[in-house]
Each structure stands twice: as structure tokens, then as C-alpha cells.
$ cat protein-v3.txt   # compact mmCIF, N, CA and C atoms
# COMPACT_ATOMS: atom_id res chain seq x y z
N MET O 121 41.93 -12.52 8.41
CA MET O 121 42.31 -11.76 7.24
C MET O 121 43.70 -11.16 7.40
N GLN O 122 43.99 -10.72 8.62
CA GLN O 122 45.30 -10.13 8.88
C GLN O 122 46.40 -11.17 8.69
N TRP O 123 46.10 -12.42 9.02
CA TRP O 123 47.08 -13.49 8.85
C TRP O 123 47.47 -13.64 7.38
N LEU O 124 46.48 -13.51 6.46
CA LEU O 124 46.78 -13.59 5.03
C LEU O 124 47.68 -12.44 4.59
N LEU O 125 47.43 -11.25 5.13
CA LEU O 125 48.27 -10.11 4.77
C LEU O 125 49.68 -10.25 5.34
N ASP O 126 49.78 -10.90 6.47
CA ASP O 126 51.10 -11.13 7.07
C ASP O 126 51.84 -12.26 6.36
N ASN O 127 51.15 -13.12 5.66
CA ASN O 127 51.74 -14.25 4.93
C ASN O 127 51.31 -14.18 3.47
N PRO O 128 51.92 -13.29 2.68
CA PRO O 128 51.46 -13.07 1.32
C PRO O 128 51.57 -14.30 0.40
N VAL O 129 52.44 -15.23 0.74
CA VAL O 129 52.52 -16.45 -0.08
C VAL O 129 51.17 -17.15 -0.07
N TYR O 130 50.55 -17.22 1.11
CA TYR O 130 49.25 -17.88 1.22
C TYR O 130 48.14 -17.05 0.58
N LEU O 131 48.27 -15.73 0.65
CA LEU O 131 47.31 -14.86 -0.02
C LEU O 131 47.28 -15.14 -1.52
N TRP O 132 48.48 -15.23 -2.12
CA TRP O 132 48.54 -15.50 -3.56
C TRP O 132 48.10 -16.93 -3.87
N LEU O 133 48.33 -17.84 -2.94
CA LEU O 133 47.85 -19.20 -3.12
C LEU O 133 46.32 -19.23 -3.16
N VAL O 134 45.69 -18.45 -2.28
CA VAL O 134 44.23 -18.34 -2.29
C VAL O 134 43.74 -17.75 -3.62
N VAL O 135 44.43 -16.72 -4.11
CA VAL O 135 44.06 -16.12 -5.40
C VAL O 135 44.17 -17.16 -6.52
N VAL O 136 45.25 -17.93 -6.51
CA VAL O 136 45.44 -18.96 -7.54
C VAL O 136 44.34 -20.02 -7.44
N ILE O 137 44.03 -20.47 -6.25
CA ILE O 137 42.99 -21.50 -6.07
C ILE O 137 41.63 -20.99 -6.53
N ILE O 138 41.30 -19.75 -6.19
CA ILE O 138 40.03 -19.17 -6.63
C ILE O 138 39.99 -19.07 -8.15
N ALA O 139 41.09 -18.64 -8.76
CA ALA O 139 41.13 -18.54 -10.23
C ALA O 139 41.00 -19.91 -10.88
N VAL O 140 41.63 -20.93 -10.29
CA VAL O 140 41.53 -22.29 -10.83
C VAL O 140 40.08 -22.79 -10.72
N ILE O 141 39.45 -22.55 -9.59
CA ILE O 141 38.06 -22.99 -9.41
C ILE O 141 37.15 -22.28 -10.40
N LEU O 142 37.31 -20.96 -10.55
CA LEU O 142 36.49 -20.21 -11.51
C LEU O 142 36.72 -20.72 -12.94
N GLU O 143 37.96 -21.03 -13.27
CA GLU O 143 38.26 -21.54 -14.61
C GLU O 143 37.63 -22.91 -14.81
N ALA O 144 37.67 -23.74 -13.80
CA ALA O 144 37.07 -25.08 -13.90
C ALA O 144 35.55 -25.00 -14.04
N VAL O 145 34.95 -24.03 -13.38
CA VAL O 145 33.49 -23.88 -13.45
C VAL O 145 33.06 -23.28 -14.79
N THR O 146 33.78 -22.29 -15.27
CA THR O 146 33.37 -21.61 -16.50
C THR O 146 33.83 -22.33 -17.75
N TYR O 147 35.00 -22.95 -17.71
CA TYR O 147 35.57 -23.68 -18.85
C TYR O 147 35.61 -22.81 -20.11
N ALA O 148 35.90 -21.53 -19.93
CA ALA O 148 35.91 -20.62 -21.08
C ALA O 148 37.18 -19.78 -21.15
N LEU O 149 38.23 -20.21 -20.50
CA LEU O 149 39.49 -19.47 -20.46
C LEU O 149 39.28 -18.02 -20.05
N VAL O 150 38.62 -17.86 -18.91
CA VAL O 150 38.32 -16.52 -18.41
C VAL O 150 39.33 -16.09 -17.36
N THR O 151 39.80 -17.00 -16.54
CA THR O 151 40.68 -16.63 -15.43
C THR O 151 42.02 -17.34 -15.46
N ILE O 152 42.33 -18.03 -16.52
CA ILE O 152 43.56 -18.82 -16.56
C ILE O 152 44.81 -17.96 -16.43
N TRP O 153 44.78 -16.76 -16.96
CA TRP O 153 45.96 -15.89 -16.87
C TRP O 153 46.18 -15.37 -15.46
N PHE O 154 45.11 -15.31 -14.65
CA PHE O 154 45.27 -14.92 -13.25
C PHE O 154 45.98 -16.01 -12.45
N VAL O 155 45.83 -17.25 -12.90
CA VAL O 155 46.55 -18.35 -12.26
C VAL O 155 48.06 -18.12 -12.44
N GLY O 156 48.47 -17.84 -13.66
CA GLY O 156 49.88 -17.57 -13.93
C GLY O 156 50.37 -16.35 -13.19
N GLY O 157 49.60 -15.28 -13.21
CA GLY O 157 49.98 -14.06 -12.50
C GLY O 157 50.09 -14.30 -11.00
N GLY O 158 49.16 -15.08 -10.46
CA GLY O 158 49.21 -15.40 -9.03
C GLY O 158 50.42 -16.23 -8.65
N LEU O 159 50.78 -17.17 -9.54
CA LEU O 159 51.97 -17.98 -9.26
C LEU O 159 53.25 -17.14 -9.26
N VAL O 160 53.35 -16.22 -10.21
CA VAL O 160 54.53 -15.36 -10.26
C VAL O 160 54.54 -14.42 -9.05
N ALA O 161 53.36 -13.90 -8.67
CA ALA O 161 53.28 -13.04 -7.49
C ALA O 161 53.63 -13.81 -6.22
N MET O 162 53.22 -15.08 -6.16
CA MET O 162 53.56 -15.92 -5.01
C MET O 162 55.08 -16.11 -4.92
N LEU O 163 55.70 -16.33 -6.07
CA LEU O 163 57.16 -16.47 -6.12
C LEU O 163 57.84 -15.18 -5.68
N SER O 164 57.30 -14.05 -6.13
CA SER O 164 57.91 -12.77 -5.75
C SER O 164 57.73 -12.50 -4.25
N SER O 165 56.63 -12.96 -3.67
CA SER O 165 56.43 -12.76 -2.23
C SER O 165 57.42 -13.58 -1.42
N ALA O 166 57.87 -14.70 -1.97
CA ALA O 166 58.86 -15.52 -1.27
C ALA O 166 60.20 -14.79 -1.16
N PHE O 167 60.43 -13.84 -2.07
CA PHE O 167 61.67 -13.05 -2.02
C PHE O 167 61.53 -11.83 -1.11
N GLY O 168 60.36 -11.64 -0.53
CA GLY O 168 60.18 -10.59 0.46
C GLY O 168 59.96 -9.20 -0.08
N ILE O 169 59.52 -9.05 -1.34
CA ILE O 169 59.27 -7.69 -1.84
C ILE O 169 57.94 -7.17 -1.30
N SER O 170 57.72 -5.90 -1.42
CA SER O 170 56.54 -5.26 -0.82
C SER O 170 55.24 -5.75 -1.45
N MET O 171 54.16 -5.58 -0.71
CA MET O 171 52.85 -6.00 -1.19
C MET O 171 52.46 -5.22 -2.45
N PHE O 172 52.80 -3.95 -2.50
CA PHE O 172 52.52 -3.15 -3.69
C PHE O 172 53.23 -3.74 -4.91
N ALA O 173 54.51 -4.07 -4.74
CA ALA O 173 55.28 -4.65 -5.85
C ALA O 173 54.72 -6.02 -6.25
N GLN O 174 54.28 -6.80 -5.27
CA GLN O 174 53.68 -8.10 -5.58
C GLN O 174 52.40 -7.92 -6.40
N THR O 175 51.60 -6.94 -6.02
CA THR O 175 50.36 -6.67 -6.75
C THR O 175 50.66 -6.24 -8.18
N MET O 176 51.68 -5.41 -8.33
CA MET O 176 52.07 -4.97 -9.68
C MET O 176 52.58 -6.16 -10.50
N VAL O 177 53.37 -7.03 -9.88
CA VAL O 177 53.86 -8.24 -10.57
C VAL O 177 52.67 -9.09 -11.00
N PHE O 178 51.68 -9.25 -10.10
CA PHE O 178 50.48 -10.02 -10.43
C PHE O 178 49.77 -9.43 -11.65
N LEU O 179 49.54 -8.13 -11.63
CA LEU O 179 48.83 -7.48 -12.73
C LEU O 179 49.61 -7.54 -14.04
N ILE O 180 50.89 -7.24 -13.98
CA ILE O 180 51.72 -7.23 -15.19
C ILE O 180 51.79 -8.62 -15.81
N PHE O 181 52.05 -9.63 -15.00
CA PHE O 181 52.17 -10.98 -15.55
C PHE O 181 50.82 -11.54 -16.00
N SER O 182 49.74 -11.14 -15.34
CA SER O 182 48.40 -11.57 -15.80
C SER O 182 48.13 -11.01 -17.19
N VAL O 183 48.48 -9.74 -17.41
CA VAL O 183 48.30 -9.13 -18.73
C VAL O 183 49.21 -9.79 -19.76
N ILE O 184 50.45 -10.08 -19.38
CA ILE O 184 51.37 -10.76 -20.31
C ILE O 184 50.81 -12.13 -20.71
N PHE O 185 50.32 -12.90 -19.73
CA PHE O 185 49.75 -14.20 -20.05
C PHE O 185 48.50 -14.07 -20.91
N LEU O 186 47.71 -13.04 -20.67
CA LEU O 186 46.52 -12.79 -21.50
C LEU O 186 46.93 -12.52 -22.94
N VAL O 187 47.91 -11.64 -23.13
CA VAL O 187 48.37 -11.29 -24.47
C VAL O 187 48.98 -12.51 -25.18
N MET O 188 49.70 -13.33 -24.43
CA MET O 188 50.30 -14.52 -25.02
C MET O 188 49.24 -15.57 -25.39
N ALA O 189 48.20 -15.68 -24.60
CA ALA O 189 47.18 -16.71 -24.83
C ALA O 189 46.16 -16.31 -25.87
N ARG O 190 45.97 -15.03 -26.09
CA ARG O 190 44.92 -14.56 -27.01
C ARG O 190 45.04 -15.15 -28.42
N PRO O 191 46.21 -15.15 -29.06
CA PRO O 191 46.30 -15.74 -30.41
C PRO O 191 45.93 -17.23 -30.42
N LEU O 192 46.31 -17.95 -29.37
CA LEU O 192 45.96 -19.37 -29.30
C LEU O 192 44.45 -19.57 -29.17
N ILE O 193 43.83 -18.71 -28.38
CA ILE O 193 42.38 -18.81 -28.18
C ILE O 193 41.65 -18.47 -29.49
N LYS O 194 42.08 -17.41 -30.17
CA LYS O 194 41.44 -17.04 -31.44
C LYS O 194 41.59 -18.16 -32.46
N LYS O 195 42.76 -18.78 -32.51
CA LYS O 195 42.98 -19.87 -33.46
C LYS O 195 42.06 -21.04 -33.15
N LYS O 196 41.89 -21.35 -31.87
CA LYS O 196 41.03 -22.45 -31.48
C LYS O 196 39.57 -22.15 -31.81
N GLN O 197 39.14 -20.91 -31.65
CA GLN O 197 37.76 -20.54 -31.93
C GLN O 197 37.45 -20.54 -33.42
N GLN O 198 38.45 -20.39 -34.27
CA GLN O 198 38.21 -20.32 -35.70
C GLN O 198 38.14 -21.68 -36.36
N THR O 199 38.46 -22.74 -35.63
CA THR O 199 38.39 -24.05 -36.25
C THR O 199 36.94 -24.41 -36.52
N ASN O 200 36.70 -24.99 -37.68
CA ASN O 200 35.36 -25.37 -38.08
C ASN O 200 35.08 -26.78 -37.57
N VAL O 201 34.10 -26.89 -36.71
CA VAL O 201 33.76 -28.18 -36.13
C VAL O 201 32.75 -28.87 -37.04
N ARG O 202 33.17 -30.00 -37.58
CA ARG O 202 32.27 -30.78 -38.41
C ARG O 202 31.46 -31.71 -37.52
N THR O 203 30.21 -31.90 -37.90
CA THR O 203 29.33 -32.76 -37.12
C THR O 203 28.91 -33.96 -37.95
N ASN O 204 28.24 -34.90 -37.32
CA ASN O 204 27.76 -36.08 -38.03
C ASN O 204 26.74 -35.73 -39.09
N VAL O 205 26.03 -34.64 -38.91
CA VAL O 205 25.01 -34.24 -39.87
C VAL O 205 25.64 -33.92 -41.23
N ASP O 206 26.90 -33.50 -41.24
CA ASP O 206 27.58 -33.22 -42.51
C ASP O 206 27.70 -34.47 -43.37
N SER O 207 27.65 -35.62 -42.75
CA SER O 207 27.77 -36.87 -43.51
C SER O 207 26.55 -37.12 -44.39
N TYR O 208 25.45 -36.42 -44.15
CA TYR O 208 24.24 -36.59 -44.96
C TYR O 208 24.36 -35.93 -46.34
N ILE O 209 25.26 -34.96 -46.47
CA ILE O 209 25.42 -34.27 -47.75
C ILE O 209 25.87 -35.27 -48.80
N GLY O 210 25.13 -35.30 -49.90
CA GLY O 210 25.42 -36.23 -50.98
C GLY O 210 24.64 -37.53 -50.90
N MET O 211 23.99 -37.77 -49.77
CA MET O 211 23.20 -39.01 -49.63
C MET O 211 21.88 -38.89 -50.37
N ARG O 212 21.35 -40.03 -50.76
CA ARG O 212 20.05 -40.08 -51.42
C ARG O 212 18.97 -40.36 -50.40
N GLY O 213 17.78 -39.88 -50.70
CA GLY O 213 16.63 -40.12 -49.83
C GLY O 213 15.36 -40.20 -50.64
N ILE O 214 14.26 -40.42 -49.94
CA ILE O 214 12.96 -40.53 -50.60
C ILE O 214 11.95 -39.65 -49.85
N VAL O 215 11.07 -38.99 -50.61
CA VAL O 215 10.07 -38.09 -50.03
C VAL O 215 9.00 -38.92 -49.35
N THR O 216 8.71 -38.61 -48.07
CA THR O 216 7.66 -39.30 -47.32
C THR O 216 6.46 -38.40 -47.06
N LYS O 217 6.64 -37.10 -47.24
CA LYS O 217 5.54 -36.13 -47.13
C LYS O 217 5.82 -35.04 -48.14
N GLU O 218 4.84 -34.78 -48.99
CA GLU O 218 5.02 -33.82 -50.09
C GLU O 218 5.37 -32.43 -49.57
N SER O 219 6.13 -31.72 -50.39
CA SER O 219 6.46 -30.33 -50.06
C SER O 219 6.04 -29.45 -51.23
N THR O 220 5.76 -28.20 -50.90
CA THR O 220 5.47 -27.21 -51.94
C THR O 220 6.52 -26.12 -51.82
N SER O 221 6.37 -25.10 -52.65
CA SER O 221 7.32 -23.99 -52.55
C SER O 221 7.09 -23.18 -51.27
N PHE O 222 5.94 -23.40 -50.60
CA PHE O 222 5.63 -22.64 -49.39
C PHE O 222 5.77 -23.45 -48.11
N THR O 223 5.65 -24.77 -48.21
CA THR O 223 5.72 -25.60 -47.01
C THR O 223 6.78 -26.68 -47.18
N PRO O 224 7.56 -26.92 -46.15
CA PRO O 224 8.55 -28.00 -46.24
C PRO O 224 7.87 -29.36 -46.18
N GLY O 225 8.57 -30.34 -46.68
CA GLY O 225 8.06 -31.70 -46.62
C GLY O 225 8.92 -32.52 -45.69
N GLN O 226 8.80 -33.84 -45.84
CA GLN O 226 9.63 -34.74 -45.05
C GLN O 226 10.22 -35.78 -45.98
N GLY O 227 11.39 -36.24 -45.60
CA GLY O 227 12.05 -37.26 -46.39
C GLY O 227 12.85 -38.19 -45.50
N LYS O 228 13.05 -39.40 -45.99
CA LYS O 228 13.80 -40.39 -45.23
C LYS O 228 15.20 -40.49 -45.83
N VAL O 229 16.20 -40.24 -44.99
CA VAL O 229 17.60 -40.30 -45.40
C VAL O 229 18.35 -41.07 -44.31
N GLY O 230 19.08 -42.07 -44.71
CA GLY O 230 19.88 -42.83 -43.75
C GLY O 230 19.06 -43.42 -42.62
N GLY O 231 17.81 -43.80 -42.91
CA GLY O 231 16.96 -44.41 -41.90
C GLY O 231 16.28 -43.43 -40.96
N GLN O 232 16.46 -42.14 -41.18
CA GLN O 232 15.84 -41.13 -40.32
C GLN O 232 14.95 -40.21 -41.15
N ILE O 233 13.89 -39.74 -40.53
CA ILE O 233 12.98 -38.79 -41.18
C ILE O 233 13.47 -37.37 -40.88
N TRP O 234 13.60 -36.58 -41.95
CA TRP O 234 14.07 -35.20 -41.85
C TRP O 234 13.06 -34.26 -42.50
N THR O 235 13.06 -33.02 -42.05
CA THR O 235 12.33 -31.98 -42.76
C THR O 235 13.18 -31.61 -43.96
N ILE O 236 12.52 -31.54 -45.13
CA ILE O 236 13.26 -31.24 -46.36
C ILE O 236 12.67 -30.03 -47.05
N VAL O 237 13.53 -29.29 -47.71
CA VAL O 237 13.11 -28.19 -48.58
C VAL O 237 13.88 -28.32 -49.87
N SER O 238 13.22 -28.01 -50.95
CA SER O 238 13.85 -28.10 -52.26
C SER O 238 14.77 -26.90 -52.47
N ALA O 239 15.95 -27.16 -53.01
CA ALA O 239 16.92 -26.10 -53.25
C ALA O 239 16.39 -25.08 -54.24
N ASP O 240 15.59 -25.54 -55.21
CA ASP O 240 15.06 -24.62 -56.22
C ASP O 240 13.58 -24.29 -55.99
N SER O 241 13.06 -24.58 -54.81
CA SER O 241 11.68 -24.30 -54.40
C SER O 241 10.64 -25.04 -55.23
N SER O 242 11.03 -26.07 -55.94
CA SER O 242 10.06 -26.85 -56.71
C SER O 242 9.37 -27.84 -55.78
N PRO O 243 8.11 -28.21 -56.11
CA PRO O 243 7.40 -29.17 -55.27
C PRO O 243 8.07 -30.55 -55.33
N MET O 244 8.01 -31.26 -54.23
CA MET O 244 8.54 -32.62 -54.13
C MET O 244 7.36 -33.53 -53.82
N LEU O 245 7.14 -34.53 -54.67
CA LEU O 245 6.00 -35.43 -54.53
C LEU O 245 6.39 -36.70 -53.78
N MET O 246 5.38 -37.34 -53.16
CA MET O 246 5.60 -38.59 -52.43
C MET O 246 6.31 -39.61 -53.30
N GLY O 247 7.30 -40.25 -52.77
CA GLY O 247 7.99 -41.32 -53.47
C GLY O 247 9.14 -40.85 -54.35
N GLU O 248 9.26 -39.55 -54.58
CA GLU O 248 10.37 -39.05 -55.40
C GLU O 248 11.68 -39.19 -54.64
N GLU O 249 12.73 -39.45 -55.38
CA GLU O 249 14.05 -39.54 -54.77
C GLU O 249 14.76 -38.20 -54.88
N PHE O 250 15.65 -37.97 -53.93
CA PHE O 250 16.38 -36.71 -53.91
C PHE O 250 17.80 -36.95 -53.42
N VAL O 251 18.62 -35.91 -53.61
CA VAL O 251 20.00 -35.92 -53.11
C VAL O 251 20.14 -34.73 -52.17
N VAL O 252 20.75 -34.94 -51.02
CA VAL O 252 20.95 -33.88 -50.04
C VAL O 252 22.09 -32.98 -50.51
N GLU O 253 21.80 -31.68 -50.65
CA GLU O 253 22.79 -30.70 -51.08
C GLU O 253 23.49 -30.02 -49.91
N SER O 254 22.70 -29.71 -48.87
CA SER O 254 23.28 -29.04 -47.70
C SER O 254 22.33 -29.21 -46.52
N VAL O 255 22.79 -28.75 -45.36
CA VAL O 255 21.99 -28.79 -44.14
C VAL O 255 21.82 -27.35 -43.67
N SER O 256 20.58 -26.97 -43.42
CA SER O 256 20.29 -25.62 -42.93
C SER O 256 19.50 -25.74 -41.63
N GLY O 257 20.20 -25.61 -40.52
CA GLY O 257 19.55 -25.79 -39.22
C GLY O 257 19.16 -27.24 -39.05
N VAL O 258 17.83 -27.50 -38.95
CA VAL O 258 17.34 -28.86 -38.82
C VAL O 258 16.68 -29.34 -40.10
N LYS O 259 16.89 -28.61 -41.18
CA LYS O 259 16.30 -28.98 -42.48
C LYS O 259 17.40 -29.41 -43.44
N LEU O 260 17.04 -30.38 -44.27
CA LEU O 260 17.94 -30.78 -45.35
C LEU O 260 17.50 -30.05 -46.61
N VAL O 261 18.44 -29.43 -47.28
CA VAL O 261 18.17 -28.77 -48.56
C VAL O 261 18.50 -29.81 -49.63
N VAL O 262 17.49 -30.13 -50.47
CA VAL O 262 17.63 -31.25 -51.40
C VAL O 262 17.35 -30.84 -52.83
N ASN O 263 17.81 -31.67 -53.75
CA ASN O 263 17.49 -31.55 -55.18
C ASN O 263 16.90 -32.87 -55.63
N LYS O 264 15.92 -32.76 -56.54
CA LYS O 264 15.34 -33.99 -57.09
C LYS O 264 16.41 -34.78 -57.80
N LEU O 265 16.31 -36.09 -57.67
CA LEU O 265 17.23 -36.97 -58.35
C LEU O 265 16.69 -37.17 -59.77
N ARG O 266 17.44 -36.76 -60.75
CA ARG O 266 17.04 -36.88 -62.16
C ARG O 266 17.33 -38.28 -62.66
N ARG O 267 16.32 -38.94 -63.13
CA ARG O 267 16.49 -40.27 -63.70
C ARG O 267 16.88 -40.13 -65.17
N GLU O 268 17.83 -40.96 -65.58
CA GLU O 268 18.25 -40.93 -66.98
C GLU O 268 17.13 -41.49 -67.84
N GLY O 269 16.87 -40.84 -68.97
CA GLY O 269 15.81 -41.26 -69.88
C GLY O 269 14.46 -40.69 -69.52
N ALA O 270 14.38 -39.89 -68.44
CA ALA O 270 13.10 -39.33 -68.05
C ALA O 270 13.04 -37.88 -68.40
$ encode --input "protein-v3.txt" --output "C-alpha cells"
Amino acid sequence: MQWLLDNPVYLWLVVVIIAVILEAVTYALVTIWFVGGGLVAMLSSAFGISMFAQTMVFLIFSVIFLVMARPLIKKKQQTNVRTNVDSYIGMRGIVTKESTSFTPGQGKVGGQIWTIVSADSSPMLMGEEFVVESVSGVKLVVNKLRREGA
């Protein structure tokens, strides 16, 4: 341990490696700013400044990197991720198990059986066709397909 204190460049290298490993394990941008702070502190130790000053450089630059990265992280988190299930909206299907206003039914859409609920809570009878309006969890919210002349 004393060897690390006598060679602060290696101390900061250890800090950077630990932060990189933690970041790789968590994959949540938790320690990435400590990597930058450690690199700047390592550079400052090469110039021979005191350990206290190196620690302050590490802390200050870690906070600066955190503040700089925060808007990018918030922007990334606000993006709406569309899934394949969204492609079912607007598709037609057929009722394979009747539903009532109290119990969901089942319907076949795109070759797959889904739990369905009527958007207006009306009963859906076997063989009726429907259109998918939205997806709610693992259920498709559907409306009866109105036939012209009926």
C-alpha cells in the first residue's frame, strides 16, 4: 500500500481501472466521470503536485464531468423506445375466445394469440373481427370491426 502512495500515478491508474470495471459491470453510467477525474488526477501527479491537490483535482474534475454528462444522459433517457408490439396497432384480428365487460377474451392477430379487451367494454363474440387500437401491457385494446351494410 505504501508503494501506491509513493507512486501516485499508479494509485490513480488503479482508481481509473476500478471505475472502468464498475462501469462495465453496471452499464448505467454510474462511475464514468470518475474515470475522467482519475485520468486528470493521474496527469497532475506526473507534474509532482501534492497528494491533497491531486485529490482535489480528482474531485473537481469528476464533478465537472458529471455536470457535463448529465444533459446527455437525460436526453438519452427521454427517448421513446418503440417495440415490435407497436406494429400490431391498426392490424385486424379475429376473436378466438369470447370476452365480456368483466373478463378479457382472446384473439388472433398476426398469427399469434393475444389477450384482448374491448376499448368500449362491449362483449366480443367468437368469430368477430376487430382492429387493434393500442397495447396495454400484454393485452391488446381492440374495437369491433364494423361491416358496411350491417
$ select_by_dssp --input "protein-v3.txt" --residues "region 130-268 of chain O" --states "strand (DSSP E or B)" --output "NGL selection string"
:O and (212-217 or 219 or 225-229 or 232-238 or 244 or 249-256 or 259-264)
$ closest_residue --input "protein-v3.txt" --among "O:Leu186, O:Ile138, O:Val205, O:Glu249" --to "Lys217 (chain O)" --atoms "only C-alpha atoms"
O:Glu249
$ atom_distance --input "protein-v3.txt" --atom1 "atom C of Ile193 (chain O)" --atom2 "atom C of Gly156 (chain O)"
18.6 Å
$ residues_around --input "protein-v3.txt" --residues "region 132-137 of chain O" --least-positions-apart "2" --cutoff "6 Å" --atoms "only C-alpha atoms" --output "PyMOL selection string"
chain O and resi 129-130+139-140+155+158+162
$ closest_residue --input "protein-v3.txt" --among "O:Asn263, O:Glu248, O:Phe178, O:Thr220" --to "Leu159 (chain O)" --atoms "only N, CA and C atoms"
O:Phe178
$ select_by_dssp --input "protein-v3.txt" --residues "chain O" --states "helix (DSSP H, G or I)" --output "number ranges by chain"
O: 122-126, 128-146, 152-166, 171-197, 204-208
$ atom_distance --input "protein-v3.txt" --atom1 "atom C of Gly213 (chain O)" --atom2 "CA of Ser238 (chain O)"
12.3 Å
$ atom_distance --input "protein-v3.txt" --atom1 "atom C of Lys195 (chain O)" --atom2 "atom C of Ser254 (chain O)"
25.2 Å
$ closest_residue --input "protein-v3.txt" --among "O:Ser165, O:Ile209, O:Leu260, O:Arg190" --to "Pro224 (chain O)" --atoms "only C-alpha atoms"
O:Leu260
$ axis_aligned_box --input "protein-v3.txt" --around "region 168-173 of chain O" --padding-each-side "5 Å" --output "AutoDock Vina command-line options"
--center_x 56.4 --center_y -7.4 --center_z -2.9 --size_x 17.9 --size_y 18.5 --size_z 16.7
$ closest_residue --input "protein-v3.txt" --among "O:Tyr208, O:Tyr147, O:Trp153, O:Phe172" --to "Val187 (chain O)" --atoms "all atoms listed in the file"
O:Trp153
$ residues_around --input "protein-v3.txt" --residues "Ala239 (chain O)" --least-positions-apart "3" --cutoff "10 Å" --atoms "only C-alpha atoms" --output "PyMOL selection string"
chain O and resi 221+236+242+252-254+260-264
$ closest_residue --input "protein-v3.txt" --among "O:Pro128, O:Glu143, O:Ala161, O:Leu149" --to "Leu192 (chain O)" --atoms "only C-alpha atoms"
O:Leu149
$ residues_around --input "protein-v3.txt" --residues "Arg212 (chain O)" --least-positions-apart "5" --cutoff "9 Å" --atoms "only C-alpha atoms" --output "list in words"
Lys228, Val229, Gly230, Glu249, Phe250, Val251, Val252 and Leu265 of chain O
$ write_last_selection --input "protein-v3.txt" --atoms "N, CA and C atoms" --output "PDB file, keeping the file's coordinate frame"
ATOM      1  N   LYS O 228      13.050 -39.400 -45.990  1.00  0.00           N
ATOM      2  CA  LYS O 228      13.800 -40.390 -45.230  1.00  0.00           C
ATOM      3  C   LYS O 228      15.200 -40.490 -45.830  1.00  0.00           C
ATOM      4  N   VAL O 229      16.200 -40.240 -44.990  1.00  0.00           N
ATOM      5  CA  VAL O 229      17.600 -40.300 -45.400  1.00  0.00           C
ATOM      6  C   VAL O 229      18.350 -41.070 -44.310  1.00  0.00           C
ATOM      7  N   GLY O 230      19.080 -42.070 -44.710  1.00  0.00           N
ATOM      8  CA  GLY O 230      19.880 -42.830 -43.750  1.00  0.00           C
ATOM      9  C   GLY O 230      19.060 -43.420 -42.620  1.00  0.00           C
ATOM     10  N   GLU O 249      12.730 -39.450 -55.380  1.00  0.00           N
ATOM     11  CA  GLU O 249      14.050 -39.540 -54.770  1.00  0.00           C
ATOM     12  C   GLU O 249      14.760 -38.200 -54.880  1.00  0.00           C
ATOM     13  N   PHE O 250      15.650 -37.970 -53.930  1.00  0.00           N
ATOM     14  CA  PHE O 250      16.380 -36.710 -53.910  1.00  0.00           C
ATOM     15  C   PHE O 250      17.800 -36.950 -53.420  1.00  0.00           C
ATOM     16  N   VAL O 251      18.620 -35.910 -53.610  1.00  0.00           N
ATOM     17  CA  VAL O 251      20.000 -35.920 -53.110  1.00  0.00           C
ATOM     18  C   VAL O 251      20.140 -34.730 -52.170  1.00  0.00           C
ATOM     19  N   VAL O 252      20.750 -34.940 -51.020  1.00  0.00           N
ATOM     20  CA  VAL O 252      20.950 -33.880 -50.040  1.00  0.00           C
ATOM     21  C   VAL O 252      22.090 -32.980 -50.510  1.00  0.00           C
ATOM     22  N   LEU O 265      16.310 -36.090 -57.670  1.00  0.00           N
ATOM     23  CA  LEU O 265      17.230 -36.970 -58.350  1.00  0.00           C
ATOM     24  C   LEU O 265      16.690 -37.170 -59.770  1.00  0.00           C
TER      25      LEU O 265
END
